[in-house]
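Have a look at the structure below, then the notes.
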Protein chains: 2
Amino acid sequence: MLRSHTCGELRISHVGLKVSLCGWVQKVRDKGKMIWIDLRDRYGVTQLIFEEESTPNEIYKMARECGREFVLQASGVVSERSSKNKNIETGDVEIVVESMQYLNKSKVPPFIIEDKTDGGEELRMKYRYLDLRRIPLQKNLKLRHSLMRETRNYLDKKDFVEIETPVLIKSTPEGARDFIVPSRMNQGEFYALPQSPQTFKQLLMVSGFDKYYQLVKCFRDEDLRADRQPEFTQIDCEISFAERKDILNTFGGLISHLFKSVLNIDIGSIPIMEYDDAIKNYGTDKPDIRFEMKINDVSSITKGTGFNVFDSSEIVLALVAQGCSEYSRKQIDELTDFVCKPQIGAKGLVYIKSNEDGSFKSSVDKFFDQKKLAEIANLSMANKGDLILMLAGEKNSTYNAIAELRLEMGERLNLRDPSIYKPLWVVNFPLLQWDEESKRFHAMHHPFTSPLEDDIDLLDKDPASVRANAYDLVVNGVEIGGGSIRIYKRELQEKMFNALGFSEKEAKEQFGFLLDAFQYGTPPHGGIAFGFDRICALFGGQESIRDFIAFPKNTSGRDVMIDSPSNIDSTQRKELGL
Amino acid sequence: MLRSHTCGELRISHVGLKVSLCGWVQKVRDKGKMIWIDLRDRYGVTQLIFEEESTPNEIYKMARECGREFVLQASGVVSERSSKNKNIETGDVEIVVESMQYLNKSKVPPFIIEDKTDGGEELRMKYRYLDLRRIPLQKNLKLRHSLMRETRNYLDKKDFVEIETPVLIKSTPEGARDFIVPSRMNQGEFYALPQSPQTFKQLLMVSGFDKYYQLVKCFRDEDLRADRQPEFTQIDCEISFAERKDILNTFGGLISHLFKSVLNIDIGSIPIMEYDDAIKNYGTDKPDIRFEMKINDVSSITKGTGFNVFDSSEIVLALVAQGCSEYSRKQIDELTDFVCKPQIGAKGLVYIKSNEDGSFKSSVDKFFDQKKLAEIANLSMANKGDLILMLAGEKNSTYNAIAELRLEMGERLNLRDPSIYKPLWVVNFPLLQWDEESKRFHAMHHPFTSPLEDDIDLLDKDPASVRANAYDLVVNGVEIGGGSIRIYKRELQEKMFNALGFSEKEAKEQFGFLLDAFQYGTPPHGGIAFGFDRICALFGGQESIRDFIAFPKNTSGRDVMIDSPSNIDSTQRKELGL
């Protein structure tokens, strides 16, 4: 190696040792008769020192001419520093440089390579390889690696087999949009990139592999929201002969292990919540349970008071912000503006202040007397000094809106401490969702999810009421994984395809191999897939996944560094028949 | 779990324990008053026993009606077997079944699911999920998992960071043919699937990650030979600040670790051979050094004897098959047929028998007297009792042909013991290869490979003679990995692109981001990529990679199980502008 040690390795105990270091110039301080260079690599920073009197002339000159981000190999003796730097682990020592070479020079980088940079988003994406030199991004990718390693450690110990499934598979119209790959050898035909290895992992269960996992790239050709990537990584898992409780134990255990081994956090046992309760109490299927602030349906009280907004609404919901009865006009206006934002979509906000003196003051005093207000406060379990916030409208959208308001209030009241992690299983989702556009049911998860045993009979009579044997793992309001017990009998799978409006022919064309497989001894099985990029961001304490991916794409699906996608030449097109 | 134990777990110490097992029916033996069922899962086989007298009636009936590959859950008490089966680890015990259910039934499988099957290739590919139930394939995939795990263990311990590079990248005409992916959001433009993460891993070195690896899927749209797959897995690695010897140590160490940890084999230190010596002595850049049998250039002796075949040949090569002087006419004919096969391409075979009595007998006695024959025998270091085999012709093709003959003789003489593994580094390949068709040089490895320091000056004067600072790892005649020290200075990379006939514009369009990166402090670096599928096959003692991949494609690039590639619907085409 061109180095004997890394830039993060030397301590006071190394004093007197002759060493060679390689790294990048972080900073040069030239005091005329003395020059210091901070040399950086991924392990740390070590100070080099050059003295006009004792350093060889040409080396001193090189030190003086060093620019930021030059790559150096420097050799010399480890010495104790006179003024120590307690902020870095190598801060007790410096290298008295005796020989040195520029391994490579550097132009002045287009932005500053430090924890805080002056580079804009677009510029940093174009020079991603320089952005990745910054410590916060280096930390993110190392965290990602630790999470990969500990995921594998945990699952390997539990006798899971990691098996790679193919990337060139078959397009199916169900679900999100596929990326497709034209076949040259079978012209006019196409492969698709997998949105998940779902059918393959089920086939592996048919094969008897019994406990499978894979850290695997998946692909979705969707219009990209701020925090979606066309390619993303899943921890994909499946178990045979397991009941739901076994699956929740095993993969709740995985998440506990990751928290413990990577962040040294004990998350304790993970509570389980019915989907219906999640919606009723939190307005969402991914509640942030770091704080309580449950939602209350107060429709029964608000009906028929002559307040048209409430009277004409399908539902009226209320939540209680503890100790906020003194909120100012301005604060209430801010909240009103918040809920009226297009992405929240409420029409307005009604408040009731539960004053310390036992009286109530509301924005609808005209329609609600003190008694009525007390009833609402009572049903919502508001105490003196609390603020009740109310939204009304169509059921689903009002639940959505008040869920957002709840998070906003949690934020304002500092109830969402990012250093606290509260995982939660949400179970028993609806199996099917009616789609107005296509006038048919869609699978809420995917067509392979089993109904709850008790609900199977409802599949013919009342499909919308059938609950799925499905579960999501939610942490701090973020869904990090989801899965289900699968259908494993051909008859039920056919019934399901039927409920989804597949003709027999379509079902056979797209999933014939799976229906076939079900005839040859398919074991009961179930599994889960975690969004690995999302887990990395969560563990890194950030909201965006972008900086936990080495080379992400922008919101147009473009890699601006390599300039892709791009044109291909006409020979390529011709060979593919495009 | 539906089971308390696996089918591979129960021993004599468990006798008396009440257990539940799940698995597949391997075999039913019905003796009227007694029925035995062998129940199989991926951990082993356990015998179930049912007795007409004591087993509940309905259970006995179910046992009787069990077909092969039915999935059962059976509960009962572990008992000592009266006639033990020493061939399996659970052979001391059986389960006296008290309750049982069919978890799923099975049709009669299309082929027998045992170690040896009666299913043809195509049928087994169509029902891959059943073929994967067979123990040999289960073993292969478990071996693959062990190799993955131990690869990561070794590299993690050495401070490598596993980093995922993108799958949707950019097409470059250099190298093999890319699979491409039409972009919907940027119509008329295309992503490409990576043939390797080469440029990305180099950019990670620019980023300072210093030791990178990844087990990664790569893609090549090539016409498939028997043992090539359009998607394959690499162990991709790169190190900064390393010299070649460090890289050979690190990754030779990886292979040693895999042999030790997975097969418990010590392979010792790995010899290093110059490319030129490999060709001269073995006729190939991937010599099988389990046996010696070096090739000898005897052209200097064979010239001018009037034997036109030799006289008109560019080169005459000989190898010595020890102790084969008694080879019969028939055996010699077989060898002649072998070398004359189109894929070997020789025009004929000349032999010299070095008889025990000191005389020589050859197929060219008319032109070569005993003295001349003795000279050839002497130069080839043949002893009494040996057989000298000679091929003549154009240099490269003759080396190729005699290399094949050498392997064939090694096979015939049992010198290629599959339980012996002899790794070898082959180094200093030619940097460039002249391509007659395109009338330009191609990079023998890729355009980022550095020339040997000593040869850089020859790049202008005599490009064909420049040696690459490249290395391949060869085991038993199979290349399992290859890599190089990379170019890391912009000027040299430009020079290289120039030697490859890239215009400045082409170089910039395709690799501008890399040339740019070289200006911002790129460290010296080098790396390697191993063919992971190939390593799995090698460790599994097989030649074909197919059965070490869960869901491989056939030689037309087709997955016959899921029937892919396939048509896509017109909406999809329209959205992509195809």
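Ordering of the structure tokens sets the chain letters (A, B, ...); residue numbers start at 1 within each chain; ligands are numbered from 1 in the order shown.
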
Would you list the contacts of range 208-222 of chain B as a PDB file with all heavy atoms, in the first residue's frame, taking every protein, DNA or RNA residue within 6 Å and counting only C-alpha atoms, but skipping same-chain residues closer than 5 positions in sequence?
ATOM      1  N   PHE B 160     -13.828  -2.965   3.837  1.00  0.00           N
ATOM      2  CA  PHE B 160     -14.490  -2.603   2.576  1.00  0.00           C
ATOM      3  C   PHE B 160     -15.913  -2.141   2.884  1.00  0.00           C
ATOM      4  O   PHE B 160     -16.539  -2.614   3.837  1.00  0.00           O
ATOM      5  CB  PHE B 160     -14.549  -3.809   1.635  1.00  0.00           C
ATOM      6  CG  PHE B 160     -13.273  -4.062   0.905  1.00  0.00           C
ATOM      7  CD1 PHE B 160     -12.184  -4.642   1.551  1.00  0.00           C
ATOM      8  CD2 PHE B 160     -13.139  -3.710  -0.435  1.00  0.00           C
ATOM      9  CE1 PHE B 160     -10.993  -4.870   0.884  1.00  0.00           C
ATOM     10  CE2 PHE B 160     -11.954  -3.942  -1.114  1.00  0.00           C
ATOM     11  CZ  PHE B 160     -10.875  -4.523  -0.450  1.00  0.00           C
ATOM     12  N   VAL B 161     -16.408  -1.220   2.064  1.00  0.00           N
ATOM     13  CA  VAL B 161     -17.793  -0.772   2.187  1.00  0.00           C
ATOM     14  C   VAL B 161     -18.563  -1.298   0.972  1.00  0.00           C
ATOM     15  O   VAL B 161     -18.122  -1.113  -0.167  1.00  0.00           O
ATOM     16  CB  VAL B 161     -17.889   0.769   2.190  1.00  0.00           C
ATOM     17  CG1 VAL B 161     -19.316   1.209   2.500  1.00  0.00           C
ATOM     18  CG2 VAL B 161     -16.930   1.373   3.197  1.00  0.00           C
ATOM     19  N   GLU B 162     -19.673  -1.980   1.243  1.00  0.00           N
ATOM     20  CA  GLU B 162     -20.505  -2.401   0.114  1.00  0.00           C
ATOM     21  C   GLU B 162     -21.411  -1.247  -0.287  1.00  0.00           C
ATOM     22  O   GLU B 162     -22.144  -0.709   0.545  1.00  0.00           O
ATOM     23  CB  GLU B 162     -21.336  -3.645   0.445  1.00  0.00           C
ATOM     24  CG  GLU B 162     -22.151  -4.102  -0.779  1.00  0.00           C
ATOM     25  CD  GLU B 162     -22.697  -5.526  -0.721  1.00  0.00           C
ATOM     26  OE1 GLU B 162     -22.843  -6.077   0.387  1.00  0.00           O
ATOM     27  OE2 GLU B 162     -22.970  -6.084  -1.795  1.00  0.00           O
ATOM     28  N   ARG B 177     -22.629  -5.841 -26.105  1.00  0.00           N
ATOM     29  CA  ARG B 177     -23.874  -5.139 -26.408  1.00  0.00           C
ATOM     30  C   ARG B 177     -24.688  -4.893 -25.132  1.00  0.00           C
ATOM     31  O   ARG B 177     -24.805  -5.789 -24.305  1.00  0.00           O
ATOM     32  CB  ARG B 177     -24.676  -5.967 -27.400  1.00  0.00           C
ATOM     33  CG  ARG B 177     -25.689  -5.178 -28.194  1.00  0.00           C
ATOM     34  CD  ARG B 177     -26.514  -6.056 -29.095  1.00  0.00           C
ATOM     35  NE  ARG B 177     -25.835  -6.536 -30.290  1.00  0.00           N
ATOM     36  CZ  ARG B 177     -25.433  -7.784 -30.495  1.00  0.00           C
ATOM     37  NH1 ARG B 177     -25.622  -8.711 -29.571  1.00  0.00           N
ATOM     38  NH2 ARG B 177     -24.847  -8.125 -31.615  1.00  0.00           N
ATOM     39  N   ASP B 178     -25.235  -3.703 -24.998  1.00  0.00           N
ATOM     40  CA  ASP B 178     -26.038  -3.357 -23.823  1.00  0.00           C
ATOM     41  C   ASP B 178     -27.483  -3.782 -23.997  1.00  0.00           C
ATOM     42  O   ASP B 178     -28.035  -3.711 -25.095  1.00  0.00           O
ATOM     43  CB  ASP B 178     -26.068  -1.827 -23.632  1.00  0.00           C
ATOM     44  CG  ASP B 178     -24.759  -1.260 -23.128  1.00  0.00           C
ATOM     45  OD1 ASP B 178     -24.114  -1.926 -22.302  1.00  0.00           O
ATOM     46  OD2 ASP B 178     -24.387  -0.151 -23.558  1.00  0.00           O
ATOM     47  N   PHE B 179     -28.123  -4.170 -22.892  1.00  0.00           N
ATOM     48  CA  PHE B 179     -29.583  -4.133 -22.836  1.00  0.00           C
ATOM     49  C   PHE B 179     -29.994  -2.690 -22.603  1.00  0.00           C
ATOM     50  O   PHE B 179     -29.367  -1.988 -21.792  1.00  0.00           O
ATOM     51  CB  PHE B 179     -30.110  -4.977 -21.667  1.00  0.00           C
ATOM     52  CG  PHE B 179     -30.127  -6.441 -21.956  1.00  0.00           C
ATOM     53  CD1 PHE B 179     -29.177  -7.281 -21.388  1.00  0.00           C
ATOM     54  CD2 PHE B 179     -31.104  -6.995 -22.777  1.00  0.00           C
ATOM     55  CE1 PHE B 179     -29.191  -8.645 -21.643  1.00  0.00           C
ATOM     56  CE2 PHE B 179     -31.125  -8.360 -23.031  1.00  0.00           C
ATOM     57  CZ  PHE B 179     -30.167  -9.183 -22.468  1.00  0.00           C
ATOM     58  N   PRO B 194     -26.178  -2.113 -16.732  1.00  0.00           N
ATOM     59  CA  PRO B 194     -24.711  -2.143 -16.661  1.00  0.00           C
ATOM     60  C   PRO B 194     -24.106  -3.503 -17.032  1.00  0.00           C
ATOM     61  O   PRO B 194     -24.590  -4.540 -16.590  1.00  0.00           O
ATOM     62  CB  PRO B 194     -24.417  -1.816 -15.195  1.00  0.00           C
ATOM     63  CG  PRO B 194     -25.644  -2.197 -14.457  1.00  0.00           C
ATOM     64  CD  PRO B 194     -26.799  -1.997 -15.395  1.00  0.00           C
ATOM     65  N   GLN B 195     -23.059  -3.460 -17.843  1.00  0.00           N
ATOM     66  CA  GLN B 195     -22.265  -4.672 -18.079  1.00  0.00           C
ATOM     67  C   GLN B 195     -21.332  -4.897 -16.902  1.00  0.00           C
ATOM     68  O   GLN B 195     -20.890  -6.011 -16.650  1.00  0.00           O
ATOM     69  CB  GLN B 195     -21.480  -4.535 -19.370  1.00  0.00           C
ATOM     70  CG  GLN B 195     -22.402  -4.448 -20.581  1.00  0.00           C
ATOM     71  CD  GLN B 195     -21.643  -4.308 -21.877  1.00  0.00           C
ATOM     72  OE1 GLN B 195     -20.532  -4.819 -22.003  1.00  0.00           O
ATOM     73  NE2 GLN B 195     -22.236  -3.629 -22.835  1.00  0.00           N
ATOM     74  N   SER B 196     -21.025  -3.832 -16.217  1.00  0.00           N
ATOM     75  CA  SER B 196     -20.307  -3.886 -14.943  1.00  0.00           C
ATOM     76  C   SER B 196     -20.395  -2.483 -14.363  1.00  0.00           C
ATOM     77  O   SER B 196     -20.664  -1.541 -15.081  1.00  0.00           O
ATOM     78  CB  SER B 196     -18.850  -4.304 -15.143  1.00  0.00           C
ATOM     79  OG  SER B 196     -18.029  -3.164 -15.259  1.00  0.00           O
ATOM     80  N   PRO B 230     -27.750 -13.929 -19.823  1.00  0.00           N
ATOM     81  CA  PRO B 230     -27.848 -12.484 -20.086  1.00  0.00           C
ATOM     82  C   PRO B 230     -27.695 -11.652 -18.815  1.00  0.00           C
ATOM     83  O   PRO B 230     -27.241 -10.530 -18.869  1.00  0.00           O
ATOM     84  CB  PRO B 230     -29.246 -12.320 -20.686  1.00  0.00           C
ATOM     85  CG  PRO B 230     -29.992 -13.568 -20.372  1.00  0.00           C
ATOM     86  CD  PRO B 230     -28.977 -14.644 -20.179  1.00  0.00           C
ATOM     87  N   GLU B 231     -28.091 -12.216 -17.672  1.00  0.00           N
ATOM     88  CA  GLU B 231     -27.810 -11.530 -16.410  1.00  0.00           C
ATOM     89  C   GLU B 231     -26.956 -12.438 -15.553  1.00  0.00           C
ATOM     90  O   GLU B 231     -27.190 -13.631 -15.473  1.00  0.00           O
ATOM     91  CB  GLU B 231     -29.078 -11.089 -15.682  1.00  0.00           C
ATOM     92  CG  GLU B 231     -30.138 -12.147 -15.468  1.00  0.00           C
ATOM     93  CD  GLU B 231     -31.362 -11.600 -14.726  1.00  0.00           C
ATOM     94  OE1 GLU B 231     -31.207 -11.161 -13.584  1.00  0.00           O
ATOM     95  OE2 GLU B 231     -32.454 -11.615 -15.303  1.00  0.00           O
ATOM     96  N   PHE B 232     -25.963 -11.850 -14.927  1.00  0.00           N
ATOM     97  CA  PHE B 232     -25.025 -12.642 -14.147  1.00  0.00           C
ATOM     98  C   PHE B 232     -24.560 -11.795 -12.966  1.00  0.00           C
ATOM     99  O   PHE B 232     -24.782 -10.581 -12.931  1.00  0.00           O
ATOM    100  CB  PHE B 232     -23.833 -13.071 -15.024  1.00  0.00           C
ATOM    101  CG  PHE B 232     -23.147 -11.933 -15.719  1.00  0.00           C
ATOM    102  CD1 PHE B 232     -22.012 -11.350 -15.197  1.00  0.00           C
ATOM    103  CD2 PHE B 232     -23.677 -11.419 -16.897  1.00  0.00           C
ATOM    104  CE1 PHE B 232     -21.389 -10.285 -15.834  1.00  0.00           C
ATOM    105  CE2 PHE B 232     -23.068 -10.341 -17.539  1.00  0.00           C
ATOM    106  CZ  PHE B 232     -21.920  -9.785 -17.015  1.00  0.00           C
ATOM    107  N   THR B 233     -23.921 -12.452 -12.009  1.00  0.00           N
ATOM    108  CA  THR B 233     -23.554 -11.753 -10.777  1.00  0.00           C
ATOM    109  C   THR B 233     -22.043 -11.637 -10.654  1.00  0.00           C
ATOM    110  O   THR B 233     -21.324 -12.595 -10.922  1.00  0.00           O
ATOM    111  CB  THR B 233     -24.132 -12.500  -9.559  1.00  0.00           C
ATOM    112  OG1 THR B 233     -25.543 -12.606  -9.728  1.00  0.00           O
ATOM    113  CG2 THR B 233     -23.844 -11.752  -8.269  1.00  0.00           C
ATOM    114  N   GLN B 234     -21.594 -10.456 -10.287  1.00  0.00           N
ATOM    115  CA  GLN B 234     -20.169 -10.231 -10.075  1.00  0.00           C
ATOM    116  C   GLN B 234     -19.886  -9.903  -8.617  1.00  0.00           C
ATOM    117  O   GLN B 234     -20.700  -9.286  -7.938  1.00  0.00           O
ATOM    118  CB  GLN B 234     -19.696  -9.021 -10.888  1.00  0.00           C
ATOM    119  CG  GLN B 234     -19.465  -9.309 -12.344  1.00  0.00           C
ATOM    120  CD  GLN B 234     -18.776  -8.158 -13.054  1.00  0.00           C
ATOM    121  OE1 GLN B 234     -18.532  -7.113 -12.467  1.00  0.00           O
ATOM    122  NE2 GLN B 234     -18.461  -8.344 -14.307  1.00  0.00           N
ATOM    123  N   ILE B 235     -18.693 -10.295  -8.159  1.00  0.00           N
ATOM    124  CA  ILE B 235     -18.133  -9.687  -6.944  1.00  0.00           C
ATOM    125  C   ILE B 235     -17.242  -8.575  -7.464  1.00  0.00           C
ATOM    126  O   ILE B 235     -16.197  -8.831  -8.050  1.00  0.00           O
ATOM    127  CB  ILE B 235     -17.283 -10.666  -6.119  1.00  0.00           C
ATOM    128  CG1 ILE B 235     -18.049 -11.965  -5.836  1.00  0.00           C
ATOM    129  CG2 ILE B 235     -16.831 -10.007  -4.820  1.00  0.00           C
ATOM    130  CD1 ILE B 235     -17.173 -13.037  -5.177  1.00  0.00           C
ATOM    131  N   ASP B 236     -17.686  -7.359  -7.283  1.00  0.00           N
ATOM    132  CA  ASP B 236     -17.018  -6.216  -7.888  1.00  0.00           C
ATOM    133  C   ASP B 236     -16.268  -5.457  -6.793  1.00  0.00           C
ATOM    134  O   ASP B 236     -16.855  -5.141  -5.757  1.00  0.00           O
ATOM    135  CB  ASP B 236     -18.096  -5.331  -8.533  1.00  0.00           C
ATOM    136  CG  ASP B 236     -17.497  -4.293  -9.442  1.00  0.00           C
ATOM    137  OD1 ASP B 236     -16.681  -4.689 -10.303  1.00  0.00           O
ATOM    138  OD2 ASP B 236     -17.818  -3.101  -9.299  1.00  0.00           O
ATOM    139  N   CYS B 237     -14.984  -5.190  -7.008  1.00  0.00           N
ATOM    140  CA  CYS B 237     -14.158  -4.617  -5.936  1.00  0.00           C
ATOM    141  C   CYS B 237     -13.213  -3.550  -6.470  1.00  0.00           C
ATOM    142  O   CYS B 237     -12.789  -3.613  -7.627  1.00  0.00           O
ATOM    143  CB  CYS B 237     -13.280  -5.702  -5.301  1.00  0.00           C
ATOM    144  SG  CYS B 237     -14.154  -7.181  -4.791  1.00  0.00           S
ATOM    145  N   GLU B 238     -12.855  -2.618  -5.632  1.00  0.00           N
ATOM    146  CA  GLU B 238     -11.895  -1.580  -6.014  1.00  0.00           C
ATOM    147  C   GLU B 238     -11.196  -1.053  -4.752  1.00  0.00           C
ATOM    148  O   GLU B 238     -11.823  -0.944  -3.692  1.00  0.00           O
ATOM    149  CB  GLU B 238     -12.626  -0.449  -6.756  1.00  0.00           C
ATOM    150  CG  GLU B 238     -11.737   0.468  -7.580  1.00  0.00           C
ATOM    151  CD  GLU B 238     -11.335  -0.115  -8.941  1.00  0.00           C
ATOM    152  OE1 GLU B 238     -11.843  -1.199  -9.319  1.00  0.00           O
ATOM    153  OE2 GLU B 238     -10.492   0.515  -9.627  1.00  0.00           O
ATOM    154  N   ILE B 239      -9.898  -0.760  -4.886  1.00  0.00           N
ATOM    155  CA  ILE B 239      -9.121  -0.201  -3.765  1.00  0.00           C
ATOM    156  C   ILE B 239      -8.308   0.994  -4.248  1.00  0.00           C
ATOM    157  O   ILE B 239      -7.777   0.978  -5.360  1.00  0.00           O
ATOM    158  CB  ILE B 239      -8.092  -1.198  -3.185  1.00  0.00           C
ATOM    159  CG1 ILE B 239      -8.664  -2.609  -3.037  1.00  0.00           C
ATOM    160  CG2 ILE B 239      -7.574  -0.706  -1.858  1.00  0.00           C
ATOM    161  CD1 ILE B 239      -7.712  -3.540  -2.286  1.00  0.00           C
ATOM    162  N   SER B 240      -8.201   1.990  -3.392  1.00  0.00           N
ATOM    163  CA  SER B 240      -7.311   3.119  -3.671  1.00  0.00           C
ATOM    164  C   SER B 240      -6.006   2.962  -2.916  1.00  0.00           C
ATOM    165  O   SER B 240      -5.937   2.246  -1.918  1.00  0.00           O
ATOM    166  CB  SER B 240      -7.950   4.432  -3.239  1.00  0.00           C
ATOM    167  OG  SER B 240      -9.062   4.717  -4.019  1.00  0.00           O
TER     168      SER B 240
END

From the list B:Thr55, B:Asn186, B:Asn153, B:Gln138, the nearest residue to Ala550 in chain B using only C-alpha atoms is B:Gln138

Determine which residues of range 116-358 of chain A receive a DSSP assignment of strand (DSSP E), computed from the backbone, and state them as a ChimeraX atom specification. /A:161-162,180-182,190-192,211-219,231-240,272-274,295-297,315-321,350-354

With distances taken over only C-alpha atoms, which residue among A:Val77, A:Leu391, A:Met125, A:Leu413 lies nearest chain B? A:Met125

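Nearest to Ile388 in chain A of all the residues A:Gln343, A:Pro418, A:Ile332, A:Leu224 is A:Ile332, based on only C-alpha atoms.
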
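Taking only C-alpha atoms into account, Ser544 in chain A lies nearest to A:Asn140 out of the set A:Gln493, A:Thr165, A:Asn140, A:Thr571.
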
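Using only C-alpha atoms for every distance, the candidate list A:Leu147, A:Ile247, A:Leu349, A:Ala382 yields A:Ile247 as the residue closest to Gly482 in chain A.
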
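Omitting Ala346 in chain A and its sequence neighbours fewer than 6 positions away, and counting only C-alpha atoms, the residues within 10 Å are Thr336, Asp337, Phe338, Val339, Cys340, Leu391, Ala392, Gly393, Glu394, Ser397, Thr398, Asn400, Ala401 and Ile402 of chain A.
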
Keeping only N, CA, C and O atoms, write the selected residues as a short mmCIF file (atom, residue, chain, number, x, y, z; two decimals), in the first residue's frame.
data_model
loop_
_atom_site.label_atom_id
_atom_site.label_comp_id
_atom_site.auth_asym_id
_atom_site.auth_seq_id
_atom_site.Cartn_x
_atom_site.Cartn_y
_atom_site.Cartn_z
N THR A 336 -55.17 27.37 10.23
CA THR A 336 -56.20 27.39 9.19
C THR A 336 -55.55 27.38 7.81
O THR A 336 -55.96 26.61 6.92
N ASP A 337 -54.52 28.21 7.64
CA ASP A 337 -53.81 28.21 6.36
C ASP A 337 -53.23 26.83 6.07
O ASP A 337 -53.27 26.34 4.95
N PHE A 338 -52.70 26.22 7.12
CA PHE A 338 -52.10 24.89 6.95
C PHE A 338 -53.13 23.88 6.41
O PHE A 338 -52.88 23.21 5.41
N VAL A 339 -54.28 23.79 7.07
CA VAL A 339 -55.24 22.76 6.64
C VAL A 339 -55.89 23.10 5.30
O VAL A 339 -56.40 22.22 4.61
N CYS A 340 -55.84 24.39 4.92
CA CYS A 340 -56.44 24.78 3.64
C CYS A 340 -55.47 24.68 2.46
O CYS A 340 -55.86 24.93 1.32
N LEU A 391 -62.36 19.55 11.98
CA LEU A 391 -62.49 19.60 10.52
C LEU A 391 -63.74 18.82 10.13
O LEU A 391 -64.12 17.86 10.81
N ALA A 392 -64.35 19.23 9.05
CA ALA A 392 -65.57 18.56 8.61
C ALA A 392 -65.54 18.37 7.10
O ALA A 392 -64.86 19.10 6.39
N GLY A 393 -66.26 17.36 6.64
CA GLY A 393 -66.34 17.15 5.20
C GLY A 393 -66.59 15.70 4.87
O GLY A 393 -67.14 14.94 5.69
N GLU A 394 -66.18 15.30 3.67
CA GLU A 394 -66.31 13.92 3.23
C GLU A 394 -65.38 13.08 4.10
O GLU A 394 -64.28 13.52 4.48
N SER A 397 -61.43 12.16 3.06
CA SER A 397 -60.56 13.31 2.92
C SER A 397 -60.43 14.06 4.25
O SER A 397 -59.40 14.65 4.54
N THR A 398 -61.48 14.01 5.07
CA THR A 398 -61.40 14.69 6.36
C THR A 398 -60.46 13.94 7.31
O THR A 398 -59.68 14.54 8.05
N ASN A 400 -57.94 12.21 6.27
CA ASN A 400 -56.61 12.54 5.75
C ASN A 400 -56.14 13.90 6.26
O ASN A 400 -55.00 14.06 6.69
N ALA A 401 -57.04 14.86 6.20
CA ALA A 401 -56.66 16.22 6.55
C ALA A 401 -56.35 16.33 8.04
O ALA A 401 -55.36 16.95 8.45
N ILE A 402 -57.20 15.71 8.87
CA ILE A 402 -56.98 15.86 10.32
C ILE A 402 -55.73 15.08 10.76
O ILE A 402 -55.05 15.46 11.71
#

For chain A, the closest of B:Phe502, B:Phe70, B:Phe368, B:Phe310 counting only C-alpha atoms is B:Phe70

Do a neighbour search on Lys139 in chain A at 12 Å with only C-alpha atoms, toss out local chain neighbours closer than 5 positions, and write the hits as a list in words. Arg42, Tyr43, Gly44, Asp115, Leu132, Arg133, Arg134, Arg144, His145, Ser146, Cys536, Ala537, Phe539, Gly540, Gly541, Asp547, Phe548, Ile549 and Ala550 of chain A; Val161 and Phe209 of chain B

Distance query Lys574 in chain A at most 12 Å, only C-alpha atoms, self and fewer than 6 positions along chain excluded, as a PyMOL selection string: chain A and resi 182-184+187-188+568

Serialized selection, N, CA, C and O atoms, as an mmCIF file, in the first residue's frame:
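That gives us again_35.cif:
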data_model
loop_
_atom_site.group_PDB
_atom_site.id
_atom_site.type_symbol
_atom_site.label_atom_id
_atom_site.label_comp_id
_atom_site.auth_asym_id
_atom_site.auth_seq_id
_atom_site.Cartn_x
_atom_site.Cartn_y
_atom_site.Cartn_z
ATOM 1 N N PRO A 182 -36.441 -4.171 -24.385
ATOM 2 C CA PRO A 182 -36.687 -4.882 -25.642
ATOM 3 C C PRO A 182 -35.726 -6.063 -25.797
ATOM 4 O O PRO A 182 -34.550 -5.955 -25.479
ATOM 5 N N SER A 183 -36.237 -7.169 -26.291
ATOM 6 C CA SER A 183 -35.393 -8.340 -26.511
ATOM 7 C C SER A 183 -34.891 -8.343 -27.948
ATOM 8 O O SER A 183 -35.675 -8.217 -28.879
ATOM 9 N N ARG A 184 -33.585 -8.473 -28.100
ATOM 10 C CA ARG A 184 -33.005 -8.500 -29.440
ATOM 11 C C ARG A 184 -33.185 -9.880 -30.065
ATOM 12 O O ARG A 184 -33.484 -10.005 -31.251
ATOM 13 N N GLN A 187 -37.395 -10.602 -31.206
ATOM 14 C CA GLN A 187 -37.830 -9.244 -31.560
ATOM 15 C C GLN A 187 -39.332 -9.059 -31.448
ATOM 16 O O GLN A 187 -40.116 -9.942 -31.769
ATOM 17 N N GLY A 188 -39.702 -7.847 -30.994
ATOM 18 C CA GLY A 188 -41.100 -7.548 -30.771
ATOM 19 C C GLY A 188 -41.548 -7.955 -29.384
ATOM 20 O O GLY A 188 -42.666 -7.665 -28.976
ATOM 21 N N ILE A 568 -29.375 6.514 -28.162
ATOM 22 C CA ILE A 568 -28.556 5.369 -28.540
ATOM 23 C C ILE A 568 -28.343 5.435 -30.032
ATOM 24 O O ILE A 568 -29.067 6.143 -30.734
#
